[in-house]
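Enquirer: My questions all concern the structure below.
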Amino acid sequence: MNYLEIANSPWIWLACGLCVGWVLLQSALFVRKSLKVRKEIGITDQQIKSTVKVSIVTSLGPSLGIVVGMVALLLSLGYPISWYRLSYIGSVAYETTAAELGAQAAGEALGALSPNGFATAVWTMILGAMGAPILTGLFTHKMDKLQNLMAGGKREMLPVISGCCIAGVFAFLTCDRVFRFDSQTVAALVGFAAMALFCGLNKKANKKWIHDWAFTLSMFIGMGVSLLF
């Protein structure tokens, strides 16, 4: 049997649909709980609307990148598995790499899999990502203590520490691309320059649209210029 017949079978659609449905249910519960708690801590409707708007705008760039990369995954592993994995993890780079490693372990290659090779690729994708949810489940409830420890008991330091963590994450994800000296280097440097320019403009003009769209526009500018190289 062709492995894609299995990959796109009704039973696989059902299994993946249940998983994606669970993610949507969790998201709905989180939103409901957040809207309830925000009244208790004094978050206004305007702050909620502003946060939702900024979140939607800043997610456009990464989401489009995932959609583009997902095409290759769809052709290799079928529609339901690709839909399910990217709804859970959202990293095309990880999923593609894990699937390729799984296929190689079975002595095969993506796009030319047997049913056994397909199963090996899928299990590699799933098991390789298990560390994050396990650690999250075990230690999330202790993060408040860790935050206070890192801040030395000073709550005013928490925003500073959070900002440093975000900067560290972006630096970690960007540095290896800066030193590749290829189109990814161009995209990273041009995106950085564009963001710096938008920040400077916003400091002078103090325009809300610049604040909301700067991150997304910088990503698109970086990607657009990199296509020239």
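By convention in this document, the chains of the structure tokens carry letters A, B, ... by their order, each chain's residues are numbered from 1, and ligands are numbered from 1 in the order they are shown.
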Pull the closest atom pair for each residue of range 83-178 of chain A that gets at most 12 Å from range 7-16 of chain A, along with the distance in Å to one decimal, counting only C-alpha atoms, ordering rows by chain and then ascending residue number, as a tab-separated table.
Expert:
residue	atom	partner	partner_atom	distance
A:Trp83	CA	A:Cys16	CA	7.7
A:Tyr84	CA	A:Cys16	CA	5.3
A:Arg85	CA	A:Cys16	CA	8.5
A:Leu86	CA	A:Cys16	CA	11.0
A:Ser87	CA	A:Cys16	CA	9.8
A:Tyr88	CA	A:Cys16	CA	10.4
A:Leu113	CA	A:Ala7	CA	10.9
A:Ser114	CA	A:Ala7	CA	10.9
A:Pro115	CA	A:Ala7	CA	8.7
A:Asn116	CA	A:Ala7	CA	11.6
A:Gly117	CA	A:Ala7	CA	11.6
A:Phe118	CA	A:Ala7	CA	8.0
A:Ala119	CA	A:Ala7	CA	9.3
A:Ala121	CA	A:Ala7	CA	11.6
A:Val122	CA	A:Ala7	CA	10.0
Enquirer: Emit the selected residues as a compact mmCIF listing (two decimals), in the first residue's frame, including all heavy atoms.
Expert:
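Output file part-v8.txt follows:
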# COMPACT_ATOMS: atom_id res chain seq x y z
N TRP A 83 -0.97 19.04 9.45
CA TRP A 83 -1.93 19.90 10.15
C TRP A 83 -1.80 19.74 11.67
O TRP A 83 -1.73 20.72 12.41
CB TRP A 83 -3.33 19.55 9.67
CG TRP A 83 -4.47 20.23 10.36
CD1 TRP A 83 -4.60 21.56 10.60
CD2 TRP A 83 -5.65 19.61 10.87
NE1 TRP A 83 -5.80 21.82 11.24
CE2 TRP A 83 -6.46 20.63 11.42
CE3 TRP A 83 -6.10 18.29 10.91
CZ2 TRP A 83 -7.69 20.37 12.00
CZ3 TRP A 83 -7.33 18.03 11.48
CH2 TRP A 83 -8.12 19.05 12.03
N TYR A 84 -1.76 18.49 12.09
CA TYR A 84 -1.67 18.19 13.52
C TYR A 84 -0.35 18.65 14.13
O TYR A 84 -0.33 19.35 15.16
CB TYR A 84 -1.85 16.68 13.73
CG TYR A 84 -1.14 16.08 14.90
CD1 TYR A 84 -1.41 16.48 16.20
CD2 TYR A 84 -0.18 15.08 14.71
CE1 TYR A 84 -0.75 15.92 17.28
CE2 TYR A 84 0.47 14.51 15.78
CZ TYR A 84 0.19 14.93 17.06
OH TYR A 84 0.86 14.38 18.12
N ARG A 85 0.78 18.33 13.48
CA ARG A 85 2.09 18.66 14.07
C ARG A 85 2.31 20.17 14.12
O ARG A 85 2.80 20.69 15.13
CB ARG A 85 3.20 18.00 13.25
CG ARG A 85 3.26 16.50 13.34
CD ARG A 85 3.38 16.04 14.77
NE ARG A 85 4.56 16.60 15.42
CZ ARG A 85 4.74 16.59 16.74
NH1 ARG A 85 3.82 16.08 17.53
NH2 ARG A 85 5.83 17.10 17.27
N LEU A 86 1.93 20.88 13.08
CA LEU A 86 2.17 22.32 13.08
C LEU A 86 1.16 23.06 13.95
O LEU A 86 1.40 24.20 14.36
CB LEU A 86 2.15 22.86 11.65
CG LEU A 86 3.31 22.34 10.79
CD1 LEU A 86 3.20 22.86 9.38
CD2 LEU A 86 4.65 22.74 11.39
N SER A 87 0.03 22.43 14.26
CA SER A 87 -0.90 23.02 15.22
C SER A 87 -0.37 22.88 16.64
O SER A 87 -0.66 23.70 17.51
CB SER A 87 -2.27 22.34 15.13
OG SER A 87 -2.86 22.56 13.86
N TYR A 88 0.41 21.85 16.88
CA TYR A 88 0.99 21.62 18.21
C TYR A 88 2.30 22.37 18.39
O TYR A 88 2.52 23.05 19.39
CB TYR A 88 1.22 20.12 18.41
CG TYR A 88 0.13 19.44 19.18
CD1 TYR A 88 -1.17 19.40 18.69
CD2 TYR A 88 0.38 18.83 20.40
CE1 TYR A 88 -2.19 18.78 19.39
CE2 TYR A 88 -0.63 18.20 21.11
CZ TYR A 88 -1.92 18.18 20.60
OH TYR A 88 -2.92 17.57 21.32
N LEU A 113 8.63 7.04 0.95
CA LEU A 113 8.55 6.25 2.17
C LEU A 113 7.70 5.01 1.98
O LEU A 113 6.76 4.99 1.18
CB LEU A 113 7.96 7.09 3.31
CG LEU A 113 8.75 8.32 3.76
CD1 LEU A 113 7.92 9.12 4.75
CD2 LEU A 113 10.08 7.91 4.39
N SER A 114 8.02 4.00 2.76
CA SER A 114 7.14 2.86 2.91
C SER A 114 6.24 3.14 4.11
O SER A 114 6.49 4.11 4.86
CB SER A 114 7.96 1.59 3.17
OG SER A 114 8.61 1.69 4.44
N PRO A 115 5.21 2.34 4.35
CA PRO A 115 4.40 2.54 5.56
C PRO A 115 5.23 2.52 6.83
O PRO A 115 4.99 3.31 7.75
CB PRO A 115 3.41 1.37 5.50
CG PRO A 115 3.24 1.12 4.04
CD PRO A 115 4.60 1.34 3.44
N ASN A 116 6.23 1.63 6.91
CA ASN A 116 7.09 1.58 8.10
C ASN A 116 7.94 2.85 8.22
O ASN A 116 8.14 3.37 9.31
CB ASN A 116 8.00 0.35 8.04
CG ASN A 116 7.26 -0.94 8.31
OD1 ASN A 116 6.21 -0.93 8.95
ND2 ASN A 116 7.80 -2.04 7.83
N GLY A 117 8.44 3.33 7.08
CA GLY A 117 9.23 4.56 7.10
C GLY A 117 8.39 5.75 7.51
O GLY A 117 8.85 6.63 8.25
N PHE A 118 7.14 5.79 7.03
CA PHE A 118 6.22 6.86 7.42
C PHE A 118 5.98 6.83 8.93
O PHE A 118 6.03 7.87 9.60
CB PHE A 118 4.90 6.70 6.67
CG PHE A 118 3.79 7.56 7.18
CD1 PHE A 118 3.80 8.93 6.97
CD2 PHE A 118 2.72 7.01 7.86
CE1 PHE A 118 2.77 9.74 7.44
CE2 PHE A 118 1.69 7.79 8.34
CZ PHE A 118 1.71 9.16 8.13
N ALA A 119 5.72 5.64 9.49
CA ALA A 119 5.48 5.51 10.92
C ALA A 119 6.71 5.94 11.72
O ALA A 119 6.59 6.63 12.74
CB ALA A 119 5.10 4.07 11.26
N ALA A 121 9.04 8.09 10.80
CA ALA A 121 9.18 9.54 10.70
C ALA A 121 8.22 10.25 11.66
O ALA A 121 8.60 11.20 12.36
CB ALA A 121 8.92 10.00 9.27
N VAL A 122 6.97 9.78 11.71
CA VAL A 122 5.98 10.42 12.58
C VAL A 122 6.34 10.23 14.06
O VAL A 122 6.26 11.17 14.85
CB VAL A 122 4.57 9.85 12.29
CG1 VAL A 122 3.56 10.38 13.31
CG2 VAL A 122 4.13 10.22 10.89
Enquirer: May I ask for the distance between CA of Phe229 in chain A and CA of Val186 in chain A, given in Å to one decimal place?
Expert: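 Atom-to-atom, CA of Phe229 in chain A and CA of Val186 in chain A are spaced 7.8 Å apart.
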Enquirer: Taking into account only C-alpha atoms, which residue in the set A:Ile166, A:Ala129, A:Leu227, A:Val160 is nearest to Thr185 in chain A?
Expert: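 Counting only C-alpha atoms, the residue closest to Thr185 in chain A is A:Leu227.
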Enquirer: Which is closest to Thr174 in chain A among A:Leu60, A:Leu75, A:Ile43, A:Leu189, if we use only C-alpha atoms?
Expert: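 The closest residue to Thr174 in chain A is A:Leu189.
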Enquirer: Skip Ile210 in chain A itself and residues of its chain fewer than 5 positions away, then list as a list in words all residues within 10 Å of it, counting only C-alpha atoms.
Expert: Phe198, Cys199, Leu201, Asn202, Lys203, Ala205, Phe215 and Leu217 of chain A
Enquirer: With only C-alpha atoms as the atoms that count, which of A:Cys19, A:Ala112, A:Ala99, A:Ile89 lies nearest to Leu73 in chain A?
Expert: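 Between A:Cys19, A:Ala112, A:Ala99, A:Ile89, the residue approaching Leu73 in chain A most closely is A:Ala99.
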